[in-house]
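Chemist: One structure, pasted below without further comment.
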Amino acid sequence: MSDFAARAHALDQRRKARSAFLAGMGRGLAGALLFSLPMLMTMEMWQLGFHIAREKLLFLMVVDLPLLVILSHRIGFEETFDWREDVRDAIVAYGVGIAASAAILFLFGLLNLDMPWSEVIGKIAIQAVPASIGAMLGRSQLTRDEDADCEGPEPRQRRTSYVGELFLMVVGALFLSLNVAPTEEMILLSYKMTAWHALATILLSIGLMHGFVYAVSFEGGHELSPDTPWWHALIRFTLPGYVIALSISLFLLWIFEQVDGTALTPLVFAMIVLAFPAAIGAAAARLIL
């Protein structure tokens, strides 16, 4: 190949890579809006941006960044080949989440230049967490099949280990439960529940988790071989997944200041209520990511 042809080929490859990255950015913006609009239009999230303890908000943002890096390792804006590119993708996703959140909040008149900057930053920062996750998920859910045909170096193989499966459940549980965790209904429902309601909710959550992934045969589901006992997947994946859903629920209730002043029994019941969407999110993440 002549020098001219080599330079032309290299230029074409860079152009394709730039085009793929911009397309990924577009999908990221679409994902940020698609997945975060419910929270951008929720009054409790607006109020939390004003009065949430700043150390909790900082902690949530610090937790979000490594989560995005690991998520990028699987489904970034483009195929990545080392952890530096994953960090870049995570920062870009955070930037997209911040920009999308700020734009929508200003559009709805929820932010203005007369507000204290602490309130402006707080409202944007708390909304940017789900928006950034949505931006990263947008690449996975909005990618066209023909995008996989782009030329370029072969990407590293992303085989999901057992720990990787648990991580995906964390992402799914966190993402879906973020929609309802800050609402007052979580605590209200916990006061209306009885022990029998709580037990039924636990059993239904576990049943739905297991059924979505193993029994209903959704596309992307996991089929068990005939030699595998039915309880194997239940103990290895479903029950740990439900423990993850409960843990994420407690974490979000604490972050969103739903724990202070709540008695132990209503708090446990609130965890069980919030773990219901978290469990479904955890199961869905194993199907679609």
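Residue numbering restarts at 1 in every chain; chains get A, B, ... in the order shown in the structure tokens, and ligands count up from 1 in that same order.
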Compile the contact shell of A:Ala32 as a list in words: residues with an atom at most 7 Å away, counting only C-alpha atoms, same-chain residues fewer than 6 positions apart removed.
Modeler: Gly97, Ala100, Ala131, Ser132, Gly134 and Ala135 of chain A
Chemist: Give me the residues near stretch 111-118 of chain A as JSON, numbers by chain, where near means some atom within 10 Å (using only C-alpha atoms) and where sequence neighbours in that chain fewer than 2 positions away do not count.
Modeler: {"A": [46, 49, 50, 51, 54, 102, 103, 104, 105, 106, 107, 108, 109, 120, 121, 122, 123, 124]}
Chemist: Produce a file of the selected residues containing N, CA and C atoms, as a PDB file, in the first residue's frame.
Modeler:
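Below you can see result-v2.pdb, which holds the result:
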ATOM      1  N   TRP A  46     -36.841  18.121  42.864  1.00  0.00           N
ATOM      2  CA  TRP A  46     -36.528  19.555  42.867  1.00  0.00           C
ATOM      3  C   TRP A  46     -36.212  20.018  44.287  1.00  0.00           C
ATOM      4  N   GLY A  49     -32.808  18.815  45.690  1.00  0.00           N
ATOM      5  CA  GLY A  49     -31.669  19.589  45.213  1.00  0.00           C
ATOM      6  C   GLY A  49     -31.399  20.818  46.050  1.00  0.00           C
ATOM      7  N   PHE A  50     -32.438  21.295  46.737  1.00  0.00           N
ATOM      8  CA  PHE A  50     -32.291  22.480  47.579  1.00  0.00           C
ATOM      9  C   PHE A  50     -31.828  22.144  48.990  1.00  0.00           C
ATOM     10  N   HIS A  51     -32.414  21.090  49.582  1.00  0.00           N
ATOM     11  CA  HIS A  51     -32.146  20.882  51.020  1.00  0.00           C
ATOM     12  C   HIS A  51     -31.392  19.598  51.356  1.00  0.00           C
ATOM     13  N   ARG A  54     -25.287  18.214  51.775  1.00  0.00           N
ATOM     14  CA  ARG A  54     -24.297  18.268  50.707  1.00  0.00           C
ATOM     15  C   ARG A  54     -23.313  17.113  50.756  1.00  0.00           C
ATOM     16  N   ALA A 102     -29.499  20.352  33.301  1.00  0.00           N
ATOM     17  CA  ALA A 102     -29.539  21.815  33.381  1.00  0.00           C
ATOM     18  C   ALA A 102     -30.480  22.398  32.340  1.00  0.00           C
ATOM     19  N   ALA A 103     -30.421  21.875  31.113  1.00  0.00           N
ATOM     20  CA  ALA A 103     -31.257  22.411  30.035  1.00  0.00           C
ATOM     21  C   ALA A 103     -32.741  22.218  30.335  1.00  0.00           C
ATOM     22  N   ILE A 104     -33.110  21.027  30.789  1.00  0.00           N
ATOM     23  CA  ILE A 104     -34.524  20.755  31.057  1.00  0.00           C
ATOM     24  C   ILE A 104     -35.018  21.549  32.264  1.00  0.00           C
ATOM     25  N   LEU A 105     -34.206  21.642  33.304  1.00  0.00           N
ATOM     26  CA  LEU A 105     -34.621  22.394  34.492  1.00  0.00           C
ATOM     27  C   LEU A 105     -34.786  23.882  34.171  1.00  0.00           C
ATOM     28  N   PHE A 106     -33.888  24.430  33.359  1.00  0.00           N
ATOM     29  CA  PHE A 106     -34.046  25.831  32.927  1.00  0.00           C
ATOM     30  C   PHE A 106     -35.282  25.984  32.032  1.00  0.00           C
ATOM     31  N   LEU A 107     -35.506  25.007  31.170  1.00  0.00           N
ATOM     32  CA  LEU A 107     -36.652  25.062  30.259  1.00  0.00           C
ATOM     33  C   LEU A 107     -37.969  25.092  31.031  1.00  0.00           C
ATOM     34  N   PHE A 108     -38.047  24.336  32.128  1.00  0.00           N
ATOM     35  CA  PHE A 108     -39.273  24.267  32.908  1.00  0.00           C
ATOM     36  C   PHE A 108     -39.382  25.397  33.935  1.00  0.00           C
ATOM     37  N   GLY A 109     -38.404  26.299  33.933  1.00  0.00           N
ATOM     38  CA  GLY A 109     -38.443  27.410  34.870  1.00  0.00           C
ATOM     39  C   GLY A 109     -38.095  27.039  36.293  1.00  0.00           C
ATOM     40  N   VAL A 120     -28.867  26.014  42.629  1.00  0.00           N
ATOM     41  CA  VAL A 120     -28.747  25.657  41.215  1.00  0.00           C
ATOM     42  C   VAL A 120     -27.871  24.424  41.054  1.00  0.00           C
ATOM     43  N   ILE A 121     -26.709  24.454  41.699  1.00  0.00           N
ATOM     44  CA  ILE A 121     -25.777  23.326  41.583  1.00  0.00           C
ATOM     45  C   ILE A 121     -26.387  22.071  42.186  1.00  0.00           C
ATOM     46  N   GLY A 122     -27.068  22.216  43.329  1.00  0.00           N
ATOM     47  CA  GLY A 122     -27.675  21.056  43.979  1.00  0.00           C
ATOM     48  C   GLY A 122     -28.732  20.403  43.118  1.00  0.00           C
ATOM     49  N   LYS A 123     -29.595  21.206  42.498  1.00  0.00           N
ATOM     50  CA  LYS A 123     -30.652  20.644  41.652  1.00  0.00           C
ATOM     51  C   LYS A 123     -30.080  19.942  40.434  1.00  0.00           C
ATOM     52  N   ILE A 124     -29.080  20.556  39.829  1.00  0.00           N
ATOM     53  CA  ILE A 124     -28.480  19.929  38.641  1.00  0.00           C
ATOM     54  C   ILE A 124     -27.725  18.669  39.034  1.00  0.00           C
TER      55      ILE A 124
END
Chemist: Given only C-alpha atoms as the basis, pick out the residue of A:Ile52, A:Met271, A:Ile244, A:Ile255 nearest to A:Leu166.
Modeler: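 Looking at the shortest contact to A:Leu166, the residue is A:Ile244.
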Chemist: Can you tell me, as JSON, numbers by chain, what residues are no more than 7 Å from A:Gly28 when counting only C-alpha atoms, ignoring any on the same chain fewer than 6 positions away?
Modeler: {"A": [93, 135, 136, 138, 139]}
Chemist: By how many Å are atom CA of A:Met169 and atom CA of A:Phe212 apart?
Modeler: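 Calculated distance between atom CA of A:Met169 and atom CA of A:Phe212 is 13.0 Å.
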